[in-house]
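Visitor: The structure is given below, and queries will be raised subsequently.
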Number of protein chains: 2
Amino acid sequence: MADSATPDTAVPDTTASDTTTVLAPHTAASAITIYVCVTCRGGRPLDLVPVPGEVLATATARAAEGTGIAVRPIRCLANCNRGLSAAVRREGAWTYVFGNLDPLGGADALIEGAKLFAGAPDGLMPWRGRPDALKRGLVARTPPFDFAGDCR
Amino acid sequence: MADSATPDTAVPDTTASDTTTVLAPHTAASAITIYVCVTCRGGRPLDLVPVPGEVLATATARAAEGTGIAVRPIRCLANCNRGLSAAVRREGAWTYVFGNLDPLGGADALIEGAKLFAGAPDGLMPWRGRPDALKRGLVARTPPFDFAGDCR
């Protein structure tokens, strides 16, 4: 369930999946990859240099130092109307796409959320304790690559 | 580039990725899985039965008959503010999340888009020829599970 402080606009993504995810209870942060869109401009001018997505990618890589979390640039997550964007993936688990990220503040939120995700025994990024930017900015999630589907 | 008929609200997701995707030029439709969110209500009443997401899932499964495309139910793609939702994945390639789908018309669009995707040599769902519902309804895409990132 959502924290009581959850803003109305943030819909918790905690609908249960009845498909068992087989994961070690607490995987290392090295199982996490954050893809930061380096082409995102977040509504800012097209000639702005550096590109805001690049700023977020650099800040995220810096915030990840020493954590084991991988940060990779990506050219477009197709979330262009809601940039800046990043996707957080855990090996063998789900991928979360976030939007409306701040070029600098977004970096710390991504790393905090990634650490929380790494420690989740069910392979889902917990809602409780998740940074506000990753609640408000939640765009979508996609299942593990071999996901067989849930029962109806 | 976008078709000239592309509505202003649809942002083409054709930013080039410089990471080579190694795929057979034309994979079978059986390489495609469509995950339809069966918990989505798309802003409709909570007590509406059947659940609109279920209607879309059933219609999509019916439209997929004989194509080789797999249709699987999924319980939440975390795209709740923009439902009805579905994700279209091609084996070894990208996953596309779509929202604001119509319970019945969305099914044909998903199958048409999936066939287009199956035939794309670069592993990306082509913009040209893509059904309008999958242009307007594009929410995000996530990379192949072993995606190493693009160069900056």
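Each chain of the structure tokens is named A, B, ... in the order shown, its residues numbered from 1; ligands are numbered from 1 in display order.
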Would you tabulate, counting only C-alpha atoms, all residues of chain A that have an atom at most 6 Å from an atom of chain B, showing the closest pair of atoms and their distance in Å to one decimal, sorted by chain then ascending number, as a Markdown table?
Guide:
```
| residue | atom | partner | partner_atom | distance |
| --- | --- | --- | --- | --- |
| A:Asp13 | CA | B:Ala78 | CA | 5.0 |
| A:Ser17 | CA | B:Arg75 | CA | 5.7 |
| A:Arg72 | CA | B:Gly149 | CA | 5.1 |
| A:Pro73 | CA | B:Gly149 | CA | 5.4 |
| A:Ile74 | CA | B:Asp150 | CA | 5.0 |
| A:Arg75 | CA | B:Ser17 | CA | 5.7 |
| A:Leu77 | CA | B:Arg141 | CA | 5.1 |
| A:Ala78 | CA | B:Ala140 | CA | 4.7 |
| A:Asn79 | CA | B:Ala140 | CA | 4.9 |
| A:Val139 | CA | B:Asn79 | CA | 5.9 |
| A:Ala140 | CA | B:Ala78 | CA | 4.6 |
| A:Arg141 | CA | B:Leu77 | CA | 5.1 |
| A:Gly149 | CA | B:Arg72 | CA | 5.1 |
| A:Asp150 | CA | B:Ile74 | CA | 5.0 |
```
Visitor: Next, the residues of the selection above should be written as a PDB file, in the first residue's frame with N, CA and C atoms.
Guide:
```
ATOM      1  N   ASP A  13       2.562   1.589  -7.607  1.00  0.00           N
ATOM      2  CA  ASP A  13       2.627   0.495  -8.576  1.00  0.00           C
ATOM      3  C   ASP A  13       2.773  -0.813  -7.839  1.00  0.00           C
ATOM      4  N   SER A  17       1.799  -8.971  -8.303  1.00  0.00           N
ATOM      5  CA  SER A  17       1.974  -9.900  -9.404  1.00  0.00           C
ATOM      6  C   SER A  17       1.932 -11.285  -8.789  1.00  0.00           C
ATOM      7  N   ARG A  72      24.467   3.868 -17.340  1.00  0.00           N
ATOM      8  CA  ARG A  72      24.746   3.822 -18.784  1.00  0.00           C
ATOM      9  C   ARG A  72      23.946   4.896 -19.513  1.00  0.00           C
ATOM     10  N   PRO A  73      24.577   5.546 -20.472  1.00  0.00           N
ATOM     11  CA  PRO A  73      23.800   6.486 -21.295  1.00  0.00           C
ATOM     12  C   PRO A  73      22.920   5.733 -22.283  1.00  0.00           C
ATOM     13  N   ILE A  74      21.779   6.312 -22.583  1.00  0.00           N
ATOM     14  CA  ILE A  74      20.891   5.718 -23.579  1.00  0.00           C
ATOM     15  C   ILE A  74      20.302   6.864 -24.403  1.00  0.00           C
ATOM     16  N   ARG A  75      20.115   6.573 -25.678  1.00  0.00           N
ATOM     17  CA  ARG A  75      19.619   7.619 -26.574  1.00  0.00           C
ATOM     18  C   ARG A  75      18.135   7.404 -26.822  1.00  0.00           C
ATOM     19  N   LEU A  77      14.384   7.005 -24.402  1.00  0.00           N
ATOM     20  CA  LEU A  77      13.485   6.028 -23.775  1.00  0.00           C
ATOM     21  C   LEU A  77      12.045   6.260 -24.232  1.00  0.00           C
ATOM     22  N   ALA A  78      11.886   7.119 -25.258  1.00  0.00           N
ATOM     23  CA  ALA A  78      10.557   7.396 -25.842  1.00  0.00           C
ATOM     24  C   ALA A  78       9.590   7.972 -24.804  1.00  0.00           C
ATOM     25  N   ASN A  79      10.156   8.673 -23.854  1.00  0.00           N
ATOM     26  CA  ASN A  79       9.363   9.326 -22.808  1.00  0.00           C
ATOM     27  C   ASN A  79       9.535  10.841 -22.949  1.00  0.00           C
ATOM     28  N   VAL A 139       6.622   6.423 -14.548  1.00  0.00           N
ATOM     29  CA  VAL A 139       5.989   6.432 -15.878  1.00  0.00           C
ATOM     30  C   VAL A 139       5.453   5.040 -16.238  1.00  0.00           C
ATOM     31  N   ALA A 140       6.250   4.037 -16.042  1.00  0.00           N
ATOM     32  CA  ALA A 140       5.824   2.676 -16.381  1.00  0.00           C
ATOM     33  C   ALA A 140       6.865   1.689 -15.855  1.00  0.00           C
ATOM     34  N   ARG A 141       6.506   0.439 -15.869  1.00  0.00           N
ATOM     35  CA  ARG A 141       7.472  -0.618 -15.576  1.00  0.00           C
ATOM     36  C   ARG A 141       7.266  -1.716 -16.603  1.00  0.00           C
ATOM     37  N   GLY A 149       3.842 -13.983 -17.743  1.00  0.00           N
ATOM     38  CA  GLY A 149       2.495 -13.419 -17.578  1.00  0.00           C
ATOM     39  C   GLY A 149       1.896 -13.821 -16.251  1.00  0.00           C
ATOM     40  N   ASP A 150       0.933 -13.015 -15.807  1.00  0.00           N
ATOM     41  CA  ASP A 150       0.202 -13.317 -14.577  1.00  0.00           C
ATOM     42  C   ASP A 150      -1.053 -14.113 -14.906  1.00  0.00           C
TER      43      ASP A 150
END
```
Visitor: Need the shell around Glu112 (chain A): protein/DNA/RNA residues with any atom at most 9 Å away, counting only C-alpha atoms. Skip same-chain ones fewer than 5 positions apart. Format as a list in words?
Guide: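 Once the adjacent positions are removed, what remains is Ala107, Phe117, Arg130 and Pro131 of chain A.
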Visitor: Which distance in Å separates CA of Pro103 (chain A) and CA of Leu46 (chain A), to one decimal?
Guide: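 Interatomic distance, CA of Pro103 (chain A) to CA of Leu46 (chain A): 15.4 Å.
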Visitor: Which one of A:Gly83, A:Gly119, A:Pro50, A:Gly105 sits closest to Ala31 (chain A) if you count only C-alpha atoms?
Guide: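 Nearest candidate to Ala31 (chain A) out of A:Gly83, A:Gly119, A:Pro50, A:Gly105: A:Gly119.
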Visitor: DSSP on the backbone: what in region 29-144 of chain A comes out helix (DSSP H, G or I), as a ChimeraX atom specification?
Guide: /A:29-31,52-64,80-82,105-118,132-136
Visitor: Output N, CA, C and O atoms for every residue in that selection, as a compact mmCIF listing (two decimals), in the first residue's frame.
Guide:
```txt
# COMPACT_ATOMS: atom_id res chain seq x y z
N ALA A 29 24.07 -4.42 -5.24
CA ALA A 29 23.74 -3.24 -6.05
C ALA A 29 24.28 -3.40 -7.47
O ALA A 29 23.80 -2.76 -8.40
N SER A 30 25.27 -4.29 -7.64
CA SER A 30 25.83 -4.49 -8.97
C SER A 30 24.85 -5.16 -9.93
O SER A 30 25.09 -5.25 -11.12
N ALA A 31 23.73 -5.64 -9.39
CA ALA A 31 22.69 -6.20 -10.26
C ALA A 31 21.82 -5.10 -10.86
O ALA A 31 20.91 -5.39 -11.64
N PRO A 52 20.45 18.82 -20.96
CA PRO A 52 20.05 18.47 -19.60
C PRO A 52 20.14 16.97 -19.28
O PRO A 52 20.51 16.59 -18.17
N GLY A 53 19.83 16.13 -20.25
CA GLY A 53 19.96 14.69 -20.03
C GLY A 53 21.40 14.27 -19.77
O GLY A 53 21.66 13.36 -18.98
N GLU A 54 22.32 14.95 -20.41
CA GLU A 54 23.76 14.69 -20.18
C GLU A 54 24.14 15.08 -18.75
O GLU A 54 24.93 14.40 -18.10
N VAL A 55 23.58 16.20 -18.31
CA VAL A 55 23.87 16.66 -16.94
C VAL A 55 23.38 15.62 -15.94
O VAL A 55 24.09 15.26 -14.99
N LEU A 56 22.17 15.12 -16.17
CA LEU A 56 21.62 14.10 -15.27
C LEU A 56 22.48 12.83 -15.31
O LEU A 56 22.75 12.22 -14.26
N ALA A 57 22.91 12.43 -16.50
CA ALA A 57 23.71 11.21 -16.62
C ALA A 57 25.04 11.36 -15.88
O ALA A 57 25.47 10.44 -15.16
N THR A 58 25.66 12.51 -16.01
CA THR A 58 26.94 12.74 -15.34
C THR A 58 26.75 12.76 -13.83
O THR A 58 27.53 12.15 -13.07
N ALA A 59 25.71 13.45 -13.37
CA ALA A 59 25.45 13.53 -11.93
C ALA A 59 25.11 12.15 -11.36
O ALA A 59 25.52 11.82 -10.24
N THR A 60 24.39 11.35 -12.13
CA THR A 60 24.02 10.02 -11.65
C THR A 60 25.25 9.11 -11.57
O THR A 60 25.42 8.36 -10.61
N ALA A 61 26.11 9.20 -12.57
CA ALA A 61 27.34 8.40 -12.55
C ALA A 61 28.19 8.78 -11.34
O ALA A 61 28.77 7.92 -10.67
N ARG A 62 28.23 10.06 -11.05
CA ARG A 62 29.02 10.53 -9.90
C ARG A 62 28.40 10.01 -8.59
O ARG A 62 29.09 9.50 -7.72
N ALA A 63 27.08 10.09 -8.50
CA ALA A 63 26.39 9.64 -7.28
C ALA A 63 26.51 8.13 -7.09
O ALA A 63 26.40 7.63 -5.97
N ALA A 64 26.75 7.42 -8.20
CA ALA A 64 26.85 5.95 -8.12
C ALA A 64 28.23 5.46 -7.73
O ALA A 64 28.41 4.27 -7.44
N CYS A 80 9.66 11.28 -24.20
CA CYS A 80 10.12 12.64 -24.53
C CYS A 80 9.23 13.74 -23.95
O CYS A 80 9.70 14.81 -23.60
N ASN A 81 7.93 13.48 -23.83
CA ASN A 81 7.02 14.51 -23.29
C ASN A 81 7.13 14.66 -21.78
O ASN A 81 6.56 15.58 -21.21
N ARG A 82 7.85 13.74 -21.16
CA ARG A 82 7.94 13.74 -19.70
C ARG A 82 9.39 13.68 -19.23
O ARG A 82 9.69 13.20 -18.15
N GLY A 105 19.03 17.02 -8.81
CA GLY A 105 18.36 16.30 -7.72
C GLY A 105 17.92 14.91 -8.13
O GLY A 105 17.84 14.00 -7.29
N GLY A 106 17.66 14.70 -9.42
CA GLY A 106 17.23 13.40 -9.89
C GLY A 106 18.27 12.32 -9.69
O GLY A 106 17.93 11.14 -9.49
N ALA A 107 19.53 12.70 -9.71
CA ALA A 107 20.61 11.72 -9.60
C ALA A 107 20.57 11.02 -8.24
O ALA A 107 20.63 9.79 -8.16
N ASP A 108 20.47 11.79 -7.17
CA ASP A 108 20.43 11.19 -5.84
C ASP A 108 19.20 10.31 -5.66
O ASP A 108 19.26 9.24 -5.04
N ALA A 109 18.07 10.78 -6.21
CA ALA A 109 16.84 9.98 -6.12
C ALA A 109 17.01 8.64 -6.83
O ALA A 109 16.60 7.60 -6.33
N LEU A 110 17.63 8.67 -8.00
CA LEU A 110 17.82 7.42 -8.76
C LEU A 110 18.70 6.44 -7.98
O LEU A 110 18.41 5.23 -7.93
N ILE A 111 19.76 6.93 -7.38
CA ILE A 111 20.67 6.03 -6.65
C ILE A 111 19.99 5.50 -5.38
O ILE A 111 20.10 4.31 -5.06
N GLU A 112 19.24 6.37 -4.71
CA GLU A 112 18.53 5.93 -3.50
C GLU A 112 17.49 4.86 -3.86
O GLU A 112 17.39 3.83 -3.19
N GLY A 113 16.75 5.10 -4.94
CA GLY A 113 15.75 4.13 -5.38
C GLY A 113 16.40 2.83 -5.83
O GLY A 113 15.87 1.74 -5.58
N ALA A 114 17.54 2.94 -6.48
CA ALA A 114 18.24 1.74 -6.97
C ALA A 114 18.70 0.86 -5.81
O ALA A 114 18.61 -0.37 -5.87
N LYS A 115 19.19 1.49 -4.76
CA LYS A 115 19.64 0.71 -3.59
C LYS A 115 18.47 -0.01 -2.94
O LYS A 115 18.57 -1.17 -2.53
N LEU A 116 17.35 0.69 -2.86
CA LEU A 116 16.14 0.12 -2.28
C LEU A 116 15.69 -1.09 -3.10
O LEU A 116 15.33 -2.15 -2.57
N PHE A 117 15.73 -0.92 -4.41
CA PHE A 117 15.36 -1.96 -5.37
C PHE A 117 16.26 -3.18 -5.21
O PHE A 117 15.79 -4.32 -5.18
N ALA A 118 17.56 -2.95 -5.08
CA ALA A 118 18.52 -4.05 -4.97
C ALA A 118 18.22 -4.94 -3.76
O ALA A 118 18.44 -6.14 -3.80
N ASP A 132 10.56 10.67 -3.31
CA ASP A 132 9.36 11.29 -3.89
C ASP A 132 9.48 11.47 -5.41
O ASP A 132 8.50 11.30 -6.13
N ALA A 133 10.67 11.82 -5.87
CA ALA A 133 10.85 12.04 -7.32
C ALA A 133 10.55 10.77 -8.11
O ALA A 133 10.15 10.84 -9.28
N LEU A 134 10.73 9.61 -7.48
CA LEU A 134 10.47 8.33 -8.16
C LEU A 134 9.05 7.83 -7.91
O LEU A 134 8.63 6.81 -8.45
N LYS A 135 8.32 8.53 -7.04
CA LYS A 135 6.88 8.26 -6.92
C LYS A 135 6.14 9.14 -7.93
O LYS A 135 5.41 8.65 -8.79
N ARG A 136 6.37 10.43 -7.82
CA ARG A 136 5.70 11.38 -8.72
C ARG A 136 6.10 11.13 -10.17
O ARG A 136 5.32 11.33 -11.09
```
Visitor: Quick one: pull the distance between CA of Asp122 (chain B) and CA of Thr67 (chain B), Å, one decimal.
Guide: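 Between CA of Asp122 (chain B) and CA of Thr67 (chain B) the gap is 21.1 Å.
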Visitor: Would you give me, as number ranges by chain, the residues in chain B that DSSP reads as strand (DSSP E)?
Guide: B: 32-37, 70-74, 86-90, 95-98, 138-142
Visitor: Just how far from CA of Asn100 (chain B) is CA of Met125 (chain B), in Å to one decimal?
Guide: 18.4 Å
